[in-house]
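Colleague: Handing you this structure, nothing more for now.
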Number of protein chains: 4
Amino acid sequence: MIHFDSDYMETCHPLILEKLSKINLQKLSGYGTDDICETAKEKIRKACSCPEAEIFFLVGGTQTNATVLDGLLQKYEGVIAAKTGHIALHEAGAIEAGGHKVIELPCENGKLKARTIDDYCNTFFSDEACEHMVNPGVVYISQPTEYGTLYSLSEIQEISNVCKKHNQRLFVDGARLGYALGCPQNNVQLSDLAKLTDAFYIGGTKCGAMLGEAVVFPRPKTVPHFFTIIKQHGALLAKGWIAGIQFDTLFTDNLYLELGKNGVERANELEQFFKSKDYKIYIESPTNQKFVILENEKIKALKNSCTFSLWEKYDENHTVVRFATSWATTPQQIQELKKEL
Amino acid sequence: MIHFDSDYMETCHPLILEKLSKINLQKLSGYGTDDICETAKEKIRKACSCPEAEIFFLVGGTQTNATVLDGLLQKYEGVIAAKTGHIALHEAGAIEAGGHKVIELPCENGKLKARTIDDYCNTFFSDEACEHMVNPGVVYISQPTEYGTLYSLSEIQEISNVCKKHNQRLFVDGARLGYALGCPQNNVQLSDLAKLTDAFYIGGTKCGAMLGEAVVFPRPKTVPHFFTIIKQHGALLAKGWIAGIQFDTLFTDNLYLELGKNGVERANELEQFFKSKDYKIYIESPTNQKFVILENEKIKALKNSCTFSLWEKYDENHTVVRFATSWATTPQQIQELKKEL
Amino acid sequence: MIHFDSDYMETCHPLILEKLSKINLQKLSGYGTDDICETAKEKIRKACSCPEAEIFFLVGGTQTNATVLDGLLQKYEGVIAAKTGHIALHEAGAIEAGGHKVIELPCENGKLKARTIDDYCNTFFSDEACEHMVNPGVVYISQPTEYGTLYSLSEIQEISNVCKKHNQRLFVDGARLGYALGCPQNNVQLSDLAKLTDAFYIGGTKCGAMLGEAVVFPRPKTVPHFFTIIKQHGALLAKGWIAGIQFDTLFTDNLYLELGKNGVERANELEQFFKSKDYKIYIESPTNQKFVILENEKIKALKNSCTFSLWEKYDENHTVVRFATSWATTPQQIQELKKEL
Amino acid sequence: MIHFDSDYMETCHPLILEKLSKINLQKLSGYGTDDICETAKEKIRKACSCPEAEIFFLVGGTQTNATVLDGLLQKYEGVIAAKTGHIALHEAGAIEAGGHKVIELPCENGKLKARTIDDYCNTFFSDEACEHMVNPGVVYISQPTEYGTLYSLSEIQEISNVCKKHNQRLFVDGARLGYALGCPQNNVQLSDLAKLTDAFYIGGTKCGAMLGEAVVFPRPKTVPHFFTIIKQHGALLAKGWIAGIQFDTLFTDNLYLELGKNGVERANELEQFFKSKDYKIYIESPTNQKFVILENEKIKALKNSCTFSLWEKYDENHTVVRFATSWATTPQQIQELKKEL
């Protein structure tokens with residue numbers, strides 16, 4: 001059986017285990033106050049060209065989205081997101097459980113357009129009844145998106161401008177950020193995110209780590225008492241160094257970038273094969289997730305030898321299917337899959 | 001100036017004031033435990049042909065929606081509503097502040113179709129990832145809708161069936177229920193709502209009362225400890241009889257129905273006039289709200305002599321406008337308006 | 001049967017009904033934007049010598065506490081209150097339902113001491129682990145307290161100073177404020193509250209009105225978007241004038257003060273009688289609530305002729321009992337009660 | 001520097017790292033659906049003699065308390081806890097952020113008495129106003145407590161009986177459960193907890209694991225849709241096996257018990273030393289936390305060579321101090337500390 005369901009099916013990069021072994025039986029201070037976390041944060045600050053950045057390590061994506069958004073949002077505010085955004089669909093209502101509406105806007109291939117946000121805000125703030133409605137306060141986007149697509153630098157700049165115009169904060173979910181950074185088409189660097197957003201996170205769980213997401217607030221004190229908010233969300237690791245060590249490793253010698261590249265290269269091999277065999281591509285995605293339309297008969301057969309995700313019904317006889325590669329996918333695994341396809 | 005902005009611009013029916021005067025300087029027990037409330041509840045039970053019904057008097061619509069939905073929803077559940085539903089748009093995120101997602105579905109003229117709900121639930125419950133998503137738990141509809149349209153009895157029956165099929169509870173927002181009941185096209189009676197829903201409310205604020213919404217749970221113990229939930233929402237009137245006396249009056253001698261009829265008749269006079277003058281009707285609504293497309297120039301001129309609501313932009317030169325009549329609108333007021341139009 | 005259970009058993013002062021009759025069948029704009037509310041607010045600003053104050057009319061006490069505290073508190077903060085405070089005990093967890101801890105501190109006769117708050121904050125903020133705990137953000141006191149006792153001006157000044165020292169906001173629950181203002185021992189005026197607090201409310205429901213509490217923010221913009229927060233709490237009256245008219249009446253010709261005085265005078269007549277008959281007073285309370293220790297046998301007998309509240313068990317044979325007078329209690333009712341005692 | 005501040009300062013038991021190395025570069029299915037989790041669960045079920053138990057792996061203590069209590073509590077309910085309980089003090093209001101009051105009751109040495117709970121419930125449910133108050137729904141205790149003390153089997157039985165009597169569920173926080181199980185004075189086994197409680201958790205983070213708490217519901221379906229509730233709390237590990245592998249290791253060959261024993265034995269060596277030197281013990285605690293009263297001068301001096309926690313001020317010149325040993329504390333470390341004391 002070969003597995004292409006998801007990029008979190010891997011354990012972690014061997015260098016992380018190695019580091020874990022080295023520190024074992026040391027005593028480390030709690031809650032992320034240890035030296036490993038400090039070193040990791042410093043490396044991330046450098047990678048972001050943002051020496052002032054405040055950095056926090058959390059465990060997983062839904063937790064990070066819920067905690068950061070709770071920190072960024074005022075009580076009367078909601079968060080704008082693409083209809084297909086992770087917080088809108090696949091987080092079991094974590095944002096709403098924290099008291100905030102996810103304002104779902106139409107999107108294209110998983111991407112929110114600056115213009116859509118601008119139109120929404122223009123209409124909202126000119127509505128006579130807007131004080132009776134949920135005030136938009138934060139714009140949430142994912143890079144890459146849930147459909148593997150990428151925002152270009154100019155797109156993010158435009159969104160950032162629209163946010164400033166309407167007094168919105170901008171938050172980027174980077175659960176798969178490694179696969180954006182490792183993608184040849186990408187022109188948005190960490191330093192750009194640091195300049196253009198109010199908060200973003202660098203995903204570890206799907207990009208080489210055992211667990212962990214590194215939240216970056218480019219400007220200090222963006223969220224006062226964020227430490228307490230993390231604790232209140234049950235998101236504070238007693239042993240903060242567990243997450244710290246992941247990022248310390250990933251941000252040494254460009255490992256994070258390298259791992260992302262591998263995922264993308266493998267995915268592109270797969271895509272070229274799909275195209276060469278005239279499989280219908282559902283969405284052109286430059287990163288590590290590829291969405292193909294398969295016949296239901298074909299799917300049944302394939303399931304004997306490999307795993308992948310059923311995304312959505314296409315028509316009576318076809319289904320959209322997602323193949324996800326990862327930092328650990330090998331050329332051999334791609335070869336094996338090709339044989340089955 | 002003649003006013004057609006809303007049906008809550010009236011004070012209250014004179015008979016209510018009369019009753020208030022009669023009881024003044026009596027001492028009445030608190031929190032709705034008084035005789036006036038009891039009598040009012042009994043009258044409503046009769047009107048609903050539902051002697052078992054549990055009835056609670058709350059103050060306003062948003063409060064009632066938030067409190068009842070909080071009572072009906074489990075923590076992992078959200079509420080299905082039309083995209084144009086009041087809870088989705090105009091309640092400042094009260095449902096989300098209580099921790100629940102409003103699952104917004106497409107609708108036609110403000111109405112949710114049974115089929116839309118069925119499709120959504122079929123897709124949801126067959127999704128491999130559905131445990132990671134907000135479980136739908138309640139279906140919320142408004143009668144009449146926010147666009148003045150009506151569900152027919154067969155439509156509500158279908159929705160009720162779909163709800164049972166998917167283990168959803170059905171809740172009907174009746175903030176303007178009087179204008180449904182008073183409408184010649186309506187074939188859904190209170191007793192039908194009692195049979196087909198898990199909870200609904202009979203709107204007082206917009207239908208003749210000073211304030212008050214009467215929540216009806218046709219089956220006792222639908223929501224255990226609902227009294228405490230009301231208190232927790234800050235929705236418990238110390239002087240419950242204030243709401244009780246409204247409904248005691250409205251449910252004596254068919255007053256509630258009569259008041260609804262007046263609103264609808266006046267609205268229909270207006271609609272006939274619009275049509276006779278070739279105004280473009282935006283939505284065919286049989287109740288007390290009429291949506292017309294007006295030229296922006298016309299709107300500017302009209303604003304000098306009458307008030308109404310700007311609903312939404314239609315095109316560069318036109319806007320959708322709402323005229324709302326009420327139980328208290330007089331034929332003279334309609335005449336005056338006609339002169340201005 | 002004569003009733004002394006509570007001060008919200010009355011309907012409302014006749015002048016309010018009179019005003020209601022006068023405006024009937026007028027059309028008034030919604031959500032408190034009408035002229036009646038504006039006039040009422042202006043009268044309250046004058047009574048508070050605080051021309052800048054922002055004023056909002058809500059319906060009841062629990063709702064007001066929950067809404068104002070939600071507005072004043074940051075997400076990582078809780079509210080300090082006396083262990084016997086209304087928000088700590090009798091609001092069904094409304095504050096916690098809004099996400100905030102009530103930090104219960106010891107008190108004397110219902111009163112929080114400035115020193116208790118100071119000690120708590122000193123200990124809290126010097127605790128190594130304070131970032132893992134609920135940060136106190138607001139101090140809540142009631143004037144009069146739940147035991148009918150009063151804070152003196154110097155006590156409130158001290159509390160206000162301690163609040164400033166520890167960066168706490170001060171909020172005063174004035175559900176029974178009329179009985180403080182109408183009390184000869186009281187030396188805290190509305191203008192003092194306006195100077196010394198961040199928010200307070202003037203209780204209507206228990207002090208002559210049908211319903212309504214007037215929230216006063218002495219400094220504008222203390223809570224940004226408070227209107228939307230009210231709506232989100234389901235606390236926005238569509239017909240704001242219903243509350244407005246209560247306060248417009250109560251703040252005309254010193255009526256609010258006069259009504260408070262009557263309640264206190266009747267209560268004092270009762271207290272003198274208790275003392276003359278050697279009933280044991282449980283708490284010396286100068287306002288309209290009197291707490292007496294009665295034999296359980298006596299209580300049983302009394303219940304045939306009058307109503308009152310069982311407060312708490314005193315010992316095996318005795319119970320603490322509360323008699324509450326009100327703005328409407330007559331000397332005759334006191335005479336009747338004396339006969340029964 | 002020798003460290004006795006906390007039992008979460010250790011990394012993890014070497015066998016865990018070994019297992020992690022063995023599985024590296026395997027692909028494992030997500031969200032705890034992998035075989036490692038299944039094996040670990042089966043081992044725990046056996047250790048609890050409870051083949052029906054539902055088991056979930058979460059990351060940390062505050063998260064586990066917040067998630068399980070949210071699952072167990074109805075919306076109108078609060079949780080009873082000792083005033084010194086972790087959820088009452090050191091979780092940044094996580095329970096309240098989820099909408100529930102922590103009902104703090106007096107305790108002795110960190111322990112709630114069955115009688116205290118019984119008295120509280122008797123008073124509560126006989127209060128005329130109890131529907132206006134937070135209904136107690138769950139009783140929360142910690143084993144060992146925050147002061148290192150232990151409930152005996154008969155004490156837990158009594159508490160369990162009182163819970164049944166008042167329709168309360170019983171939840172045991174076992175963040176340090178290993179140090180109870182490894183203590184000679186302890187007579188409460190895992191199988192007893194399975195019989196007497198509705199839910200409890202077996203702490204990993206402080207007892208040998210890198211992270212992880214194993215929630216045990218002895219009776220299936222105690223909390224419907226708990227998986228979704230976990231996700232909603234941001235507490236669902238994408239890579240569930242990370243927690244699974246910890247417990248798989250700890251529940252092999254009695255490791256969990258052995259590790260607990262070590263912590264307790266080291267702590268007892270320390271305690272004997274304290275007593276031999278006439279240090280004043282603050283609380284007699286049989287487990288791995290020892291509370292001593294030290295002179296402030298002494299504390300200053302000690303801080304140069306070792307770390308420990310300042311618990312609370314004792315008097316002007318003395319402070320209560322906590323020394324915590326752990327599964328990894330060595331006899332040598334105790335020797336070193338003795339030299340400093």
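To be explicit about the labels: the chains of the structure tokens are called A, B, and onward in the order shown, and within each one the residues are counted from 1, while ligands get numbers from 1 in the order they are shown.
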If we count only C-alpha atoms, what is near D:Asp173 at a cut-off of 9 Å, once residues fewer than 4 positions away on the same chain are taken out, given as a PyMOL selection string?
Modeller: chain D and resi 61+64-65+86+140-145+177+199-203
Colleague: Please find the residues of chain C near chain B - the criterion being any atom within 8 Å, counting only C-alpha atoms - and write them as number ranges by chain.
Modeller: C: 3, 8-14, 17, 20-21, 23-30, 59-64, 66, 91-94, 97-98, 205, 210-211, 228-229, 231-239, 242, 328
Colleague: Could you pull the residues within 9 Å of C:Thr84, counting only C-alpha atoms, minus those fewer than 4 positions along the same chain, as a PyMOL selection string?
Modeller: chain C and resi 88-89+104-107+109-111+145-147
Colleague: Point out the residue among C:Ile334, C:Ala243, C:Met1, C:Val79 with the least atom-to-atom distance to C:Leu302, counting only C-alpha atoms.
Modeller: C:Met1
Colleague: Could you check how far atom CA of C:Ser285 sits from atom CA of C:Asp315, in Å to one decimal?
Modeller: 21.2 Å
Colleague: Considering only C-alpha atoms, return as a ChimeraX atom specification whatever protein or nucleic-acid residues lie within 10 Å of D:Glu271, sequence-local ones (same chain, fewer than 3 positions apart) excluded.
Modeller: /D:265-268,274-277,279,281,284-286,288-292,323
Colleague: Output N, CA and C atoms for every residue in that selection, as a PDB file, in the first residue's frame.
Modeller:
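Written out: out_1.pdb:
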```pdb
ATOM      1  N   GLU D 265       9.897   7.770  45.957  1.00  0.00           N
ATOM      2  CA  GLU D 265      11.018   7.376  46.831  1.00  0.00           C
ATOM      3  C   GLU D 265      12.008   8.522  47.005  1.00  0.00           C
ATOM      4  N   ARG D 266      12.337   9.177  45.939  1.00  0.00           N
ATOM      5  CA  ARG D 266      13.273  10.310  46.033  1.00  0.00           C
ATOM      6  C   ARG D 266      12.670  11.409  46.917  1.00  0.00           C
ATOM      7  N   ALA D 267      11.380  11.652  46.708  1.00  0.00           N
ATOM      8  CA  ALA D 267      10.725  12.701  47.508  1.00  0.00           C
ATOM      9  C   ALA D 267      10.748  12.335  48.984  1.00  0.00           C
ATOM     10  N   ASN D 268      10.563  11.066  49.264  1.00  0.00           N
ATOM     11  CA  ASN D 268      10.553  10.661  50.672  1.00  0.00           C
ATOM     12  C   ASN D 268      11.942  10.780  51.304  1.00  0.00           C
ATOM     13  N   PHE D 274      14.443  16.619  55.572  1.00  0.00           N
ATOM     14  CA  PHE D 274      13.827  17.834  56.133  1.00  0.00           C
ATOM     15  C   PHE D 274      13.493  17.620  57.609  1.00  0.00           C
ATOM     16  N   LYS D 275      12.876  16.499  57.874  1.00  0.00           N
ATOM     17  CA  LYS D 275      12.433  16.245  59.243  1.00  0.00           C
ATOM     18  C   LYS D 275      13.632  16.088  60.179  1.00  0.00           C
ATOM     19  N   SER D 276      14.645  15.398  59.683  1.00  0.00           N
ATOM     20  CA  SER D 276      15.831  15.190  60.529  1.00  0.00           C
ATOM     21  C   SER D 276      16.499  16.519  60.853  1.00  0.00           C
ATOM     22  N   LYS D 277      16.310  17.490  59.986  1.00  0.00           N
ATOM     23  CA  LYS D 277      16.925  18.804  60.203  1.00  0.00           C
ATOM     24  C   LYS D 277      15.939  19.804  60.813  1.00  0.00           C
ATOM     25  N   TYR D 279      13.259  21.017  59.664  1.00  0.00           N
ATOM     26  CA  TYR D 279      12.529  21.918  58.795  1.00  0.00           C
ATOM     27  C   TYR D 279      11.047  21.711  59.072  1.00  0.00           C
ATOM     28  N   ILE D 281       7.495  21.103  58.014  1.00  0.00           N
ATOM     29  CA  ILE D 281       6.729  20.633  56.855  1.00  0.00           C
ATOM     30  C   ILE D 281       5.402  21.390  56.819  1.00  0.00           C
ATOM     31  N   GLU D 284       1.677  17.529  54.995  1.00  0.00           N
ATOM     32  CA  GLU D 284       2.165  16.154  54.890  1.00  0.00           C
ATOM     33  C   GLU D 284       1.698  15.580  53.570  1.00  0.00           C
ATOM     34  N   SER D 285       2.608  15.383  52.678  1.00  0.00           N
ATOM     35  CA  SER D 285       2.249  14.887  51.358  1.00  0.00           C
ATOM     36  C   SER D 285       3.019  13.608  51.067  1.00  0.00           C
ATOM     37  N   PRO D 286       2.305  12.535  50.751  1.00  0.00           N
ATOM     38  CA  PRO D 286       2.995  11.257  50.547  1.00  0.00           C
ATOM     39  C   PRO D 286       3.566  11.079  49.143  1.00  0.00           C
ATOM     40  N   ASN D 288       5.134  13.045  45.269  1.00  0.00           N
ATOM     41  CA  ASN D 288       6.419  13.612  44.811  1.00  0.00           C
ATOM     42  C   ASN D 288       6.584  15.115  44.995  1.00  0.00           C
ATOM     43  N   GLN D 289       5.631  15.743  45.660  1.00  0.00           N
ATOM     44  CA  GLN D 289       5.771  17.167  45.930  1.00  0.00           C
ATOM     45  C   GLN D 289       5.875  17.357  47.445  1.00  0.00           C
ATOM     46  N   LYS D 290       6.885  18.076  47.884  1.00  0.00           N
ATOM     47  CA  LYS D 290       7.057  18.305  49.308  1.00  0.00           C
ATOM     48  C   LYS D 290       7.020  19.799  49.579  1.00  0.00           C
ATOM     49  N   PHE D 291       6.203  20.188  50.540  1.00  0.00           N
ATOM     50  CA  PHE D 291       6.014  21.605  50.852  1.00  0.00           C
ATOM     51  C   PHE D 291       6.644  21.904  52.215  1.00  0.00           C
ATOM     52  N   VAL D 292       7.641  22.768  52.212  1.00  0.00           N
ATOM     53  CA  VAL D 292       8.380  23.086  53.426  1.00  0.00           C
ATOM     54  C   VAL D 292       8.323  24.584  53.675  1.00  0.00           C
ATOM     55  N   PHE D 323       9.332  21.553  46.697  1.00  0.00           N
ATOM     56  CA  PHE D 323      10.326  20.775  45.968  1.00  0.00           C
ATOM     57  C   PHE D 323       9.600  19.632  45.275  1.00  0.00           C
TER      58      PHE D 323
END
```
Colleague: Give me the residues near A:Val162 as a ChimeraX atom specification, where near means some atom within 7 Å (using only C-alpha atoms) and where sequence neighbours in that chain fewer than 3 positions away do not count.
Modeller: /A:114,118,158-159,165-166
Colleague: What lies within 9 Å of C:Asp127 using only C-alpha atoms, ignoring chain neighbours under 6 positions off, as a list in words?
Modeller: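 Result of the neighbour search: Leu310, Trp311 and Glu312 of chain D.
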Colleague: Output as a list in words all residues of stretch 122-263 of chain C that backbone DSSP marks as strand (DSSP E).
Modeller: Asn135, Pro136, Gly137, Val138, Val139, Tyr140, Ile141, Ser142, Arg169, Leu170, Phe171, Val172, Asp173, Ala199, Phe200, Tyr201, Ile202, Gly203, Glu213, Ala214, Val215, Val216 and Phe217 of chain C
Colleague: For D:Lys298, find every residue with an atom within 12 Å (counting only C-alpha atoms), except residues of its own chain fewer than 4 positions away, and show them as JSON, numbers by chain.
Modeller: {"D": [279, 292, 293, 294, 302, 303, 304, 305, 306, 317, 318, 319, 320, 321, 340, 341]}
